Number of protein chains: 2
Amino acid sequence: MPTYKAPLRDYRFILNEVLQIQNYANLDGFSEATPDLVDAILEGAAQLAEDVLQPLNLPGDQEGCTRHPDGSVTTPKGYKEAYKAFTEGGWGGLTSDPAFGGQGLPHVLGSCFSEMVSAANMAFVMYPGLSHGAYSAIHVHGSDEQRATYLPKIVEGTWTGTMNLTEPHCGTDLGLMRTKAEPQADGTYKITGTKIFISAGEHDLSENIIHLVLAKIAGPDTPAGIKGVSLFIVPKFLVNADGSLGARNGVTCGAIEHKMGIHSNATCVLNYEDATGYLIGEAHKGMRAMFTMMNEARLGVAVQGLSQSEVAYQNAVAYAKERLQGRSLSGPKFPDKPADPIIVHPDIRRALMNIRAFNEGARALMLWTSLQGDLSHKSTDEAARTFGDDMMSVLTPVLKGYLTDKGYANATEAQQVYGGHGYIVETGAEQFVRDARIAMIYEGANGVQALDLVGRKLAANGGRAIFAWFKLLDDFIAEKKGVADLAPFIAGLKDARAKLEEGTTWLMNNGLANPDNAGAGSMDYLYLFGLTGLAYAWARMADAALAAKANDNDAFYDNKLITGRYFLERMLPDAGAHLAKLKTGAAPLMALEIDAF
Amino acid sequence: MPTYKAPLRDYRFILNEVLQIQNYANLDGFSEATPDLVDAILEGAAQLAEDVLQPLNLPGDQEGCTRHPDGSVTTPKGYKEAYKAFTEGGWGGLTSDPAFGGQGLPHVLGSCFSEMVSAANMAFVMYPGLSHGAYSAIHVHGSDEQRATYLPKIVEGTWTGTMNLTEPHCGTDLGLMRTKAEPQADGTYKITGTKIFISAGEHDLSENIIHLVLAKIAGPDTPAGIKGVSLFIVPKFLVNADGSLGARNGVTCGAIEHKMGIHSNATCVLNYEDATGYLIGEAHKGMRAMFTMMNEARLGVAVQGLSQSEVAYQNAVAYAKERLQGRSLSGPKFPDKPADPIIVHPDIRRALMNIRAFNEGARALMLWTSLQGDLSHKSTDEAARTFGDDMMSVLTPVLKGYLTDKGYANATEAQQVYGGHGYIVETGAEQFVRDARIAMIYEGANGVQALDLVGRKLAANGGRAIFAWFKLLDDFIAEKKGVADLAPFIAGLKDARAKLEEGTTWLMNNGLANPDNAGAGSMDYLYLFGLTGLAYAWARMADAALAAKANDNDAFYDNKLITGRYFLERMLPDAGAHLAKLKTGAAPLMALEIDAF
């Protein structure tokens with residue numbers, strides 16, 4: 001049976017020693033996050049993840065969800081109790097607005113929490129996770145009445161939420177949408193259409209489900225395509241004026257999809273037939289509200305990629321220490337045993353170090369970015385708010401694409417450590433692979449992330465975000481110039497930064513003349529950006545570890561430096577290959593006629 | 001529903017124009033392979049694959065195999081009929097010895113056949129595939145009586161075979177084996193023990209199953225460890241002197257494993273209890289016989305990797321042409337449709353070209369290697385036999401490791417083309433990923449292949465094979481020096497060859513002093529070798545395509561050259577990163593103490 005142990009030491013190192021969140025105690029939310037509270041939250045989250053959610057992960061995958069003839073859906077055994085524990089602990093409202101019952105804590109803490117619970121049981125956590133997207137959309141774009149009606153119940157977890165975008169013929173291109181909203185005399189709408197791939201679309205965990213649904217308002221005023229899309233609240237049960245539940249609305253689960261993984265999350269086909277819906281925000285401005293949900297969701301999916309990489313790593317390590325097979329190439333290391341544990345073999349070590357160096361770097365980069373998200377809202381300094389916003393904007397597609405691609409590759413590499421046993425369901429290694437696979441696809445497939453990065457994020461505000469990113473790296477490089485022990489990390493960062501700049505310049509010079517050049521290089525650019533981000537995260541961590549080592553002989557710091565050096569020597573060399581591929585431009589990809597495929 | 005179309009044009013190009021197998025018509029087996037017969041075989045195999053095997057692939061995966069309380073196993077609906085068609089067509093004996101009912105055709109044709117049927121239904125083809133391993137072991141190491149008793153039935157498919165190596169506590173390290181063989185007065189043995197992961201271990205397709213089982217002979221003369229392992233024939237039903245079936249032997253299927261994929265192949269736990277076994281070859285020399293099966297099986301697994309990459313590619317192409325979503329970055333390409341097919345997008349094109357350029361290169365390299373295997377047995381020239389043997393020896397781990405790693409990565413990339421639909425079982429894209437995954441693991445996990453390459457194959461006969469490989473490339477480069485249109489292919493090959501030589505020299509210089517250096521670089525070396533092999537295959541194909549273009553305006557040749565240039569520009573740049581990683585040596589991997597993991 002797989003297990004999970006939350007990496008609390010690593011969270012504390014990053015929060016306290018690298019990011020030094022104590023320096024932000026003057027800000028809203030951070031002032032409540034006293035060191036004691038942070039500790040209590042990390043430990044409480046670890047307990048929830050390790051003891052409540054993780055034991056349900058493998059059985060939940062095997063049992064899956066059951067749709068009954070009446071369209072109702074039962075989640076696997078134990079999920080109701082786990083959901084109760086989740087909501088009673090107040091975990092759903094960790095970062096939510098205190099005005100609606102949340103705890104208002106910083107997102108940088110929320111990201112630690114998300115990694116832990118997703119590592120323990122990704123499919124389960126999607127139930128409350130989707131609620132958070134619905135919360136954000138209503139919080140930012142809803143009317144006061146809508147916020148008062150829905151947010152407290154969502155924050156406490158009595159109700160959950162969903163996001164309804166996809167239809168059978170339209171995914172990325174939402175302008176093709178057919179779901180219709182007929183305006184009614186009372187200001188409400190009647191929603192009719194079919195939505196597919198709706199995560200947590202129907203289940204037995206909550207009293208009500210608040211569907212957020214994109215649809216086109218029927219009538220001549222609705223613009224064609226994506227500009228004619230509006231966002232609606234469609235509750236499963238209508239809500240009476242006093243907040244109690246009223247009639248069942250016209251939305252039913254037509255089927256649960258058969259999927260490669262995340263079996264214990266009910267991915268539904270939802271049929272809307274004259275369902276009562278309430279417009280959120282302005283008519284035809286649905287995409288704006290949807291992007292509020294989506295950007296947050298994309299970072300959440302990036303965390304899922306990291307989480308599966310982490311739990312896969314932990315279990316592969318345990319297996320590699322325990323499985324006795326063969327002898328070390330340099331002579332027996334455990335001569336008293338019938339064979340050495342396979343962790344003595346360099347190629348097993350390579351696999352484990354590959355994953356470990358990624359996980360630690362990605363975690364630091366993710367938490368740094370989450371902190372920038374907090375500062376973008378909460379800093380008292382306008383420049384810091386702008387910088388935070390720019391970093392969130394440019395790093396969201398990078399983290400979503402890079403962390404989920406690597407999360408899957410790493411789960412696969414961890415599975416390989418098991419040999420044949422990794423292919424067997426009961427060891428759990430193959431579930432991490434199947435679950436991690438979806439993160440590369442949903443909330444915008446990774447190719448779409450790459451296009452968002454090169455097509456939108458680089459150009460926005462005259463390139464302000466990418467220039468701010470380079471300045472951040474340059475300032476750090478300049479500041480640390482004289483620190484001898486840090487030199488290899490600074491050299492690696494400088495090299496990655498130079499390649500990223502070369503790639504950026506190439507895209508700017510060649511993407512305008514032929515946008516296919518930008519598209520052709522977009523994925524390699526995203527990877528190059530991700531590697532540069534990890535080089536920055538590792539340089540920051542090495543700096544903090546070297547500082548701590550002066551006064552503390554905890555082996556944690558030495559191990560951190562060893563792992564960072566692995567990143568520099570064995571992972572960063574990929575940057576050159578990505579740059580070379582990027583610079584070929586579109587020709588090699590587009591030369592073959594469509595009919596020749 | 002997924003489909004499959006055998007790439008017959010590509011086989012004909014490689015066989016007739018690149019390898020020019022007609023030049024070997026003076027050799028045994030090749031003389032029978034007249035152009036007409038080759039055509040008939042390719043077309044017959046394509047029909048079997050496309051019409052009989054492929055339609056069962058997805059339903060077979062969903063139904064899986066069923067074990068009944070008596071230990072008998074039922075394969076999915078339609079498999080018995082398909083197996084009948086397979087054996088009645090004589091496909092199981094395509095390359096087998098005519099003395100035992102085979103057709104004796106060259107393995108280079110057998111590899112074309114294997115790719116087609118594996119692409120159509122990999123899990124099904126493992127039933128007759130395992131028979132072939134048993135055939136080879138008995139053919140090479142069995143007594144005349146054993147050959148007469150078992151081979152004709154195996155070749156005709158009335159009986160199937162298995163390979164029994166793994167036990168719960170021992171996989172790669174077979175020296176830990178516990179299965180015992182008690183010598184009997186009549187010269188037979190009583191076999192007792194438990195074997196796991198036995199593909200095609202029990203099923204309803206054949207009248208008898210011939211298990212080839214590794215075990216240790218009980219007694220003081222048996223050396224410890226791997227040197228005390230012997231190989232036995234253990235038939236499911238004992239065979240009477242007249243060839244008819246006798247008593248049920250003491251081997252039963254205790255369970256079918258629950259696996260990530262290849263669900264329609266019964267992977268069994270086999271319990272042996274005083275089962276009658278017959279020694280093959282000499283006592284305690286079982287590993288030698290096992291390697292006869294294993295080397296052949298490893299090339300077969302390499303073909304499986306390619307096959308899943310090919311079928312995944314074909315289906316992703318069909319989806320990318322049909323799915324309408326968004327518009328080309330350079331303006332609508334199909335303005336009459338509501339959106340452009342996604343194949344207009346450069347990042348989709350990147351994914352498809354990545355897979356295509358791999359498939360065509362890997363196919364050519366695989367067939368070239370298979371031809372060397374034929375020549376190693378059949379050439380009348382001793383130097384050619386030695387060269388063929390060396391190439392088979394050094395390329396077997398390269399092809400097994402590289403083609404299966406890439407096969408899985410490519411199946412994943414093909415699945416990504418589908419967006420959310422790729423995660424749904426019914427489209428079939430996720431099955432290719434799950435099925436391809438096992439090929440990286442069985443017949444020696446890919447890390448073991450890499451170690452075989454750097455630890456055994458490089459050093460064998462004073463490095464004869466690797467020097468012969470470099471000479472092959474050098475001769476071709478020298479021969480084609482003046483051909484202007486071929487220049488980029490020759491330049492790419494020269495560059496890859498130089499890097500491979502640098503890596504080889506590094507390993508030779510640093511691997512002896514510290515064998516962990518060889519282990520640490522082994523996987524990157526294997527990839528570098530694979531890329532160099534593909535560079536050679538592409539240069540050979542480009543050469544043939546340029547020659548043909550002079551007299552033939554078939555677009556096939558232009559498309560071949562376009563695809564080859566994609567390989568040079570977008571895939572070959574990885575070689576530098578592999579070399580850089582290889583040359584770090586063991587230190588970055590081994591520095592972390594085991595307890596720190």
# chains A, B, ... in the order shown; residues from 1 in each chain; ligands from 1
call {"tool": "select_by_dssp", "arguments": {"residues": "range 44-157 of chain B", "states": "strand (DSSP E)", "output": "ChimeraX atom specification"}}
result
/B:66-67,73-74
call {"tool": "interface_residues", "arguments": {"of": "chain B", "to": "chain A", "cutoff": "6 Å", "atoms": "only C-alpha atoms", "output": "JSON list (two decimals) with N, CA, C and O atoms, in the first residue's frame"}}
result
[["chain", "number", "residue", "atom", "x", "y", "z"],
["B", 173, "ASP", "N", 17.60, -9.93, -10.51],
["B", 173, "ASP", "CA", 18.63, -10.74, -9.84],
["B", 173, "ASP", "C", 18.16, -12.17, -9.69],
["B", 173, "ASP", "O", 17.68, -12.59, -8.63],
["B", 258, "HIS", "N", -3.69, -7.70, -11.61],
["B", 258, "HIS", "CA", -4.40, -6.48, -12.02],
["B", 258, "HIS", "C", -3.35, -5.49, -12.49],
["B", 258, "HIS", "O", -2.53, -5.04, -11.70],
["B", 259, "LYS", "N", -3.40, -5.16, -13.76],
["B", 259, "LYS", "CA", -2.33, -4.36, -14.33],
["B", 259, "LYS", "C", -2.83, -3.02, -14.87],
["B", 259, "LYS", "O", -4.02, -2.81, -15.09],
["B", 260, "MET", "N", -1.87, -2.15, -15.14],
["B", 260, "MET", "CA", -2.16, -0.85, -15.75],
["B", 260, "MET", "C", -2.71, -1.01, -17.16],
["B", 260, "MET", "O", -3.55, -0.23, -17.60],
["B", 325, "GLN", "N", -11.37, 23.46, -34.19],
["B", 325, "GLN", "CA", -11.22, 24.23, -32.95],
["B", 325, "GLN", "C", -10.25, 25.37, -33.20],
["B", 325, "GLN", "O", -9.08, 25.15, -33.52],
["B", 326, "GLY", "N", -10.73, 26.59, -33.09],
["B", 326, "GLY", "CA", -9.86, 27.75, -33.25],
["B", 326, "GLY", "C", -9.47, 27.97, -34.71],
["B", 326, "GLY", "O", -9.91, 27.26, -35.62],
["B", 329, "LEU", "N", -3.00, 30.54, -36.62],
["B", 329, "LEU", "CA", -2.40, 31.79, -36.16],
["B", 329, "LEU", "C", -2.17, 32.74, -37.34],
["B", 329, "LEU", "O", -2.12, 33.95, -37.16],
["B", 346, "PRO", "N", 0.66, 25.04, -35.00],
["B", 346, "PRO", "CA", 2.05, 24.57, -34.99],
["B", 346, "PRO", "C", 2.36, 23.60, -33.85],
["B", 346, "PRO", "O", 3.13, 22.66, -34.04],
["B", 347, "ASP", "N", 1.76, 23.80, -32.68],
["B", 347, "ASP", "CA", 2.13, 22.91, -31.58],
["B", 347, "ASP", "C", 1.54, 21.50, -31.76],
["B", 347, "ASP", "O", 2.11, 20.52, -31.29],
["B", 349, "ARG", "N", 1.19, 20.25, -34.83],
["B", 349, "ARG", "CA", 2.11, 19.79, -35.85],
["B", 349, "ARG", "C", 3.42, 19.29, -35.23],
["B", 349, "ARG", "O", 3.98, 18.28, -35.65],
["B", 350, "ARG", "N", 3.90, 20.02, -34.22],
["B", 350, "ARG", "CA", 5.13, 19.62, -33.53],
["B", 350, "ARG", "C", 4.96, 18.22, -32.94],
["B", 350, "ARG", "O", 5.81, 17.33, -33.12],
["B", 419, "GLY", "N", -6.75, 16.51, -26.48],
["B", 419, "GLY", "CA", -7.29, 17.27, -25.35],
["B", 419, "GLY", "C", -8.02, 16.34, -24.41],
["B", 419, "GLY", "O", -7.64, 15.17, -24.24],
["B", 423, "TYR", "N", -8.36, 11.54, -22.65],
["B", 423, "TYR", "CA", -8.37, 10.94, -21.31],
["B", 423, "TYR", "C", -9.53, 9.95, -21.15],
["B", 423, "TYR", "O", -9.63, 9.24, -20.16],
["B", 424, "ILE", "N", -10.40, 9.92, -22.16],
["B", 424, "ILE", "CA", -11.61, 9.08, -22.11],
["B", 424, "ILE", "C", -11.30, 7.73, -22.75],
["B", 424, "ILE", "O", -10.70, 7.66, -23.82],
["B", 425, "VAL", "N", -11.73, 6.68, -22.08],
["B", 425, "VAL", "CA", -11.41, 5.32, -22.49],
["B", 425, "VAL", "C", -11.85, 5.04, -23.93],
["B", 425, "VAL", "O", -11.11, 4.42, -24.71],
["B", 441, "ILE", "N", 9.38, -1.93, -19.21],
["B", 441, "ILE", "CA", 9.65, -2.67, -17.99],
["B", 441, "ILE", "C", 10.08, -4.11, -18.26],
["B", 441, "ILE", "O", 11.10, -4.58, -17.78],
["B", 515, "PRO", "N", 33.10, 2.07, -11.45],
["B", 515, "PRO", "CA", 32.01, 1.56, -12.29],
["B", 515, "PRO", "C", 30.70, 2.34, -12.13],
["B", 515, "PRO", "O", 29.86, 2.32, -13.03],
["B", 519, "GLY", "N", 27.54, 3.40, -14.72],
["B", 519, "GLY", "CA", 26.11, 3.27, -14.40],
["B", 519, "GLY", "C", 25.39, 4.60, -14.46],
["B", 519, "GLY", "O", 24.28, 4.70, -14.95],
["B", 520, "ALA", "N", 26.06, 5.64, -13.96],
["B", 520, "ALA", "CA", 25.43, 6.96, -13.89],
["B", 520, "ALA", "C", 25.17, 7.55, -15.27],
["B", 520, "ALA", "O", 24.21, 8.29, -15.47],
["B", 566, "TYR", "N", 13.01, 17.31, -40.31],
["B", 566, "TYR", "CA", 12.46, 17.58, -38.97],
["B", 566, "TYR", "C", 13.29, 16.87, -37.91],
["B", 566, "TYR", "O", 13.64, 17.45, -36.87],
["B", 570, "ARG", "N", 14.87, 19.16, -35.08],
["B", 570, "ARG", "CA", 14.08, 19.25, -33.85],
["B", 570, "ARG", "C", 14.28, 18.08, -32.88],
["B", 570, "ARG", "O", 13.78, 18.13, -31.76],
["B", 573, "PRO", "N", 19.02, 17.79, -31.62],
["B", 573, "PRO", "CA", 19.65, 18.66, -30.61],
["B", 573, "PRO", "C", 19.70, 18.06, -29.20],
["B", 573, "PRO", "O", 20.49, 18.51, -28.37],
["B", 574, "ASP", "N", 18.89, 17.05, -28.93],
["B", 574, "ASP", "CA", 18.95, 16.42, -27.59],
["B", 574, "ASP", "C", 20.28, 15.73, -27.34],
["B", 574, "ASP", "O", 20.65, 15.49, -26.18],
["B", 577, "ALA", "N", 22.65, 17.47, -24.89],
["B", 577, "ALA", "CA", 22.25, 17.42, -23.48],
["B", 577, "ALA", "C", 22.59, 16.05, -22.87],
["B", 577, "ALA", "O", 23.07, 15.96, -21.74],
["B", 581, "LYS", "N", 25.17, 15.42, -19.67],
["B", 581, "LYS", "CA", 24.75, 14.72, -18.44],
["B", 581, "LYS", "C", 25.65, 13.51, -18.17],
["B", 581, "LYS", "O", 26.06, 13.27, -17.04],
["B", 588, "PRO", "N", 27.22, 13.58, -8.83],
["B", 588, "PRO", "CA", 25.95, 14.28, -8.50],
["B", 588, "PRO", "C", 24.84, 13.31, -8.09],
["B", 588, "PRO", "O", 23.95, 13.69, -7.35],
["B", 589, "LEU", "N", 24.91, 12.06, -8.57],
["B", 589, "LEU", "CA", 23.85, 11.10, -8.27],
["B", 589, "LEU", "C", 24.06, 10.42, -6.92],
["B", 589, "LEU", "O", 23.10, 10.04, -6.26]]
call {"tool": "residues_around", "arguments": {"residues": "Ala148 in chain B", "least_positions_apart": "4", "cutoff": "12 Å", "atoms": "only C-alpha atoms", "output": "NGL selection string"}}
result
:B and (99-101 or 135 or 138-139 or 142-144 or 152-155 or 239 or 241-243)
call {"tool": "atom_distance", "arguments": {"atom1": "CA of Lys406 in chain B", "atom2": "CA of Asn410 in chain A"}}
result
15.1 Å
call {"tool": "residues_around", "arguments": {"residues": "Gly157 in chain A", "least_positions_apart": "5", "cutoff": "8 Å", "atoms": "only C-alpha atoms", "output": "ChimeraX atom specification"}}
result
/A:87,92,128,206
call {"tool": "closest_residue", "arguments": {"among": "A:Leu56, A:Ala181, A:Leu15, A:Met391", "to": "Thr222 in chain A", "atoms": "only C-alpha atoms"}}
result
A:Ala181
call {"tool": "residues_around", "arguments": {"residues": "Ile191 in chain B", "least_positions_apart": "6", "cutoff": "7 Å", "atoms": "only C-alpha atoms", "output": "list in words"}}
result
Lys180, Ala181, Glu182, Tyr272, Glu273, Asp274, Ala275, Thr276 and Gly277 of chain B
call {"tool": "write_last_selection", "arguments": {"atoms": "all heavy atoms", "output": "compact mmCIF listing (two decimals), in the first residue's frame"}}
result
# COMPACT_ATOMS: atom_id res chain seq x y z
N LYS B 180 12.52 -24.90 -6.95
CA LYS B 180 13.39 -26.08 -6.84
C LYS B 180 13.01 -27.15 -7.84
O LYS B 180 11.82 -27.34 -8.14
CB LYS B 180 13.25 -26.71 -5.44
CG LYS B 180 13.97 -25.99 -4.34
CD LYS B 180 15.41 -26.50 -4.19
CE LYS B 180 16.25 -25.57 -3.31
NZ LYS B 180 16.73 -24.35 -4.02
N ALA B 181 14.03 -27.88 -8.30
CA ALA B 181 13.82 -29.04 -9.19
C ALA B 181 14.43 -30.26 -8.51
O ALA B 181 15.65 -30.34 -8.37
CB ALA B 181 14.46 -28.78 -10.54
N GLU B 182 13.57 -31.21 -8.11
CA GLU B 182 14.05 -32.44 -7.46
C GLU B 182 14.30 -33.51 -8.53
O GLU B 182 13.37 -33.94 -9.22
CB GLU B 182 12.98 -33.00 -6.51
CG GLU B 182 12.80 -32.24 -5.22
CD GLU B 182 13.89 -32.56 -4.19
OE1 GLU B 182 14.70 -33.49 -4.44
OE2 GLU B 182 13.93 -31.87 -3.16
N TYR B 272 3.74 -24.01 -9.08
CA TYR B 272 4.26 -25.32 -9.46
C TYR B 272 4.33 -26.18 -8.21
O TYR B 272 4.93 -25.78 -7.21
CB TYR B 272 5.65 -25.19 -10.08
CG TYR B 272 5.61 -24.50 -11.43
CD1 TYR B 272 5.68 -23.12 -11.52
CD2 TYR B 272 5.48 -25.25 -12.59
CE1 TYR B 272 5.63 -22.50 -12.76
CE2 TYR B 272 5.43 -24.63 -13.83
CZ TYR B 272 5.50 -23.25 -13.91
OH TYR B 272 5.43 -22.64 -15.13
N GLU B 273 3.72 -27.34 -8.28
CA GLU B 273 3.77 -28.25 -7.13
C GLU B 273 4.07 -29.64 -7.65
O GLU B 273 3.22 -30.29 -8.27
CB GLU B 273 2.43 -28.21 -6.40
CG GLU B 273 2.62 -28.31 -4.90
CD GLU B 273 1.28 -28.27 -4.17
OE1 GLU B 273 0.44 -27.41 -4.52
OE2 GLU B 273 1.09 -29.12 -3.28
N ASP B 274 5.30 -30.07 -7.46
CA ASP B 274 5.73 -31.38 -7.97
C ASP B 274 5.36 -31.56 -9.44
O ASP B 274 4.93 -32.65 -9.85
CB ASP B 274 5.13 -32.52 -7.13
CG ASP B 274 5.81 -32.64 -5.77
OD1 ASP B 274 6.97 -32.19 -5.65
OD2 ASP B 274 5.18 -33.17 -4.83
N ALA B 275 5.53 -30.52 -10.18
CA ALA B 275 5.24 -30.60 -11.61
C ALA B 275 6.39 -31.31 -12.30
O ALA B 275 7.56 -31.09 -11.99
CB ALA B 275 5.06 -29.20 -12.19
N THR B 276 6.05 -32.16 -13.26
CA THR B 276 7.09 -32.88 -14.00
C THR B 276 7.77 -31.93 -14.99
O THR B 276 7.10 -31.27 -15.78
CB THR B 276 6.48 -34.05 -14.76
OG1 THR B 276 5.89 -34.93 -13.81
CG2 THR B 276 7.53 -34.80 -15.57
N GLY B 277 9.10 -31.87 -14.87
CA GLY B 277 9.86 -31.01 -15.77
C GLY B 277 10.98 -31.76 -16.43
O GLY B 277 11.49 -32.75 -15.90
call {"tool": "closest_residue", "arguments": {"among": "A:Thr386, A:Glu207, A:Cys268, A:Arg67", "to": "Glu167 in chain A", "atoms": "only C-alpha atoms"}}
result
A:Cys268
call {"tool": "atom_distance", "arguments": {"atom1": "CA of Gly228 in chain A", "atom2": "CA of Pro341 in chain B"}}
result
22.3 Å
call {"tool": "select_by_dssp", "arguments": {"residues": "range 80-140 of chain A", "states": "alpha helix (DSSP H)", "output": "MDAnalysis selection string"}}
result
chainID A and resid 80:88 107:140
call {"tool": "decode", "arguments": {"residues": "range 350-356 of chain B", "atoms": "all heavy atoms", "output": "mmCIF file, in the first residue's frame"}}
result
data_model
loop_
_atom_site.group_PDB
_atom_site.id
_atom_site.type_symbol
_atom_site.label_atom_id
_atom_site.label_comp_id
_atom_site.auth_asym_id
_atom_site.auth_seq_id
_atom_site.Cartn_x
_atom_site.Cartn_y
_atom_site.Cartn_z
ATOM 1 N N ARG B 350 3.898 20.019 -34.218
ATOM 2 C CA ARG B 350 5.126 19.616 -33.528
ATOM 3 C C ARG B 350 4.963 18.216 -32.938
ATOM 4 O O ARG B 350 5.813 17.330 -33.121
ATOM 5 C CB ARG B 350 5.451 20.608 -32.411
ATOM 6 C CG ARG B 350 6.696 20.275 -31.594
ATOM 7 C CD ARG B 350 6.813 21.141 -30.339
ATOM 8 N NE ARG B 350 5.663 21.018 -29.455
ATOM 9 C CZ ARG B 350 5.398 19.975 -28.687
ATOM 10 N NH1 ARG B 350 6.230 18.965 -28.639
ATOM 11 N NH2 ARG B 350 4.303 19.933 -27.936
ATOM 12 N N ALA B 351 3.842 18.009 -32.258
ATOM 13 C CA ALA B 351 3.598 16.703 -31.644
ATOM 14 C C ALA B 351 3.567 15.611 -32.716
ATOM 15 O O ALA B 351 4.198 14.553 -32.573
ATOM 16 C CB ALA B 351 2.293 16.726 -30.858
ATOM 17 N N LEU B 352 2.834 15.844 -33.795
ATOM 18 C CA LEU B 352 2.689 14.817 -34.832
ATOM 19 C C LEU B 352 4.015 14.554 -35.553
ATOM 20 O O LEU B 352 4.361 13.398 -35.833
ATOM 21 C CB LEU B 352 1.606 15.229 -35.836
ATOM 22 C CG LEU B 352 0.187 15.373 -35.269
ATOM 23 C CD1 LEU B 352 -0.780 15.833 -36.350
ATOM 24 C CD2 LEU B 352 -0.298 14.065 -34.646
ATOM 25 N N MET B 353 4.751 15.626 -35.847
ATOM 26 C CA MET B 353 6.043 15.440 -36.538
ATOM 27 C C MET B 353 7.057 14.735 -35.633
ATOM 28 O O MET B 353 7.846 13.920 -36.103
ATOM 29 C CB MET B 353 6.603 16.787 -37.004
ATOM 30 C CG MET B 353 5.854 17.434 -38.157
ATOM 31 S SD MET B 353 5.837 16.458 -39.705
ATOM 32 C CE MET B 353 7.570 16.508 -40.182
ATOM 33 N N ASN B 354 7.028 15.072 -34.339
ATOM 34 C CA ASN B 354 7.896 14.374 -33.377
ATOM 35 C C ASN B 354 7.702 12.864 -33.468
ATOM 36 O O ASN B 354 8.664 12.103 -33.458
ATOM 37 C CB ASN B 354 7.508 14.769 -31.941
ATOM 38 C CG ASN B 354 8.432 15.814 -31.360
ATOM 39 O OD1 ASN B 354 9.501 16.086 -31.903
ATOM 40 N ND2 ASN B 354 8.023 16.393 -30.252
ATOM 41 N N ILE B 355 6.451 12.451 -33.496
ATOM 42 C CA ILE B 355 6.163 11.017 -33.485
ATOM 43 C C ILE B 355 6.490 10.407 -34.841
ATOM 44 O O ILE B 355 7.114 9.346 -34.939
ATOM 45 C CB ILE B 355 4.693 10.752 -33.112
ATOM 46 C CG1 ILE B 355 4.278 11.585 -31.894
ATOM 47 C CG2 ILE B 355 4.485 9.269 -32.845
ATOM 48 C CD1 ILE B 355 2.816 11.444 -31.535
ATOM 49 N N ARG B 356 6.093 11.100 -35.892
ATOM 50 C CA ARG B 356 6.308 10.581 -37.246
ATOM 51 C C ARG B 356 7.802 10.401 -37.547
ATOM 52 O O ARG B 356 8.220 9.357 -38.070
ATOM 53 C CB ARG B 356 5.692 11.565 -38.249
ATOM 54 C CG ARG B 356 5.850 11.177 -39.685
ATOM 55 C CD ARG B 356 5.358 12.321 -40.591
ATOM 56 N NE ARG B 356 5.492 11.972 -41.987
ATOM 57 C CZ ARG B 356 4.458 11.645 -42.779
ATOM 58 N NH1 ARG B 356 3.238 11.638 -42.316
ATOM 59 N NH2 ARG B 356 4.668 11.333 -44.041
#
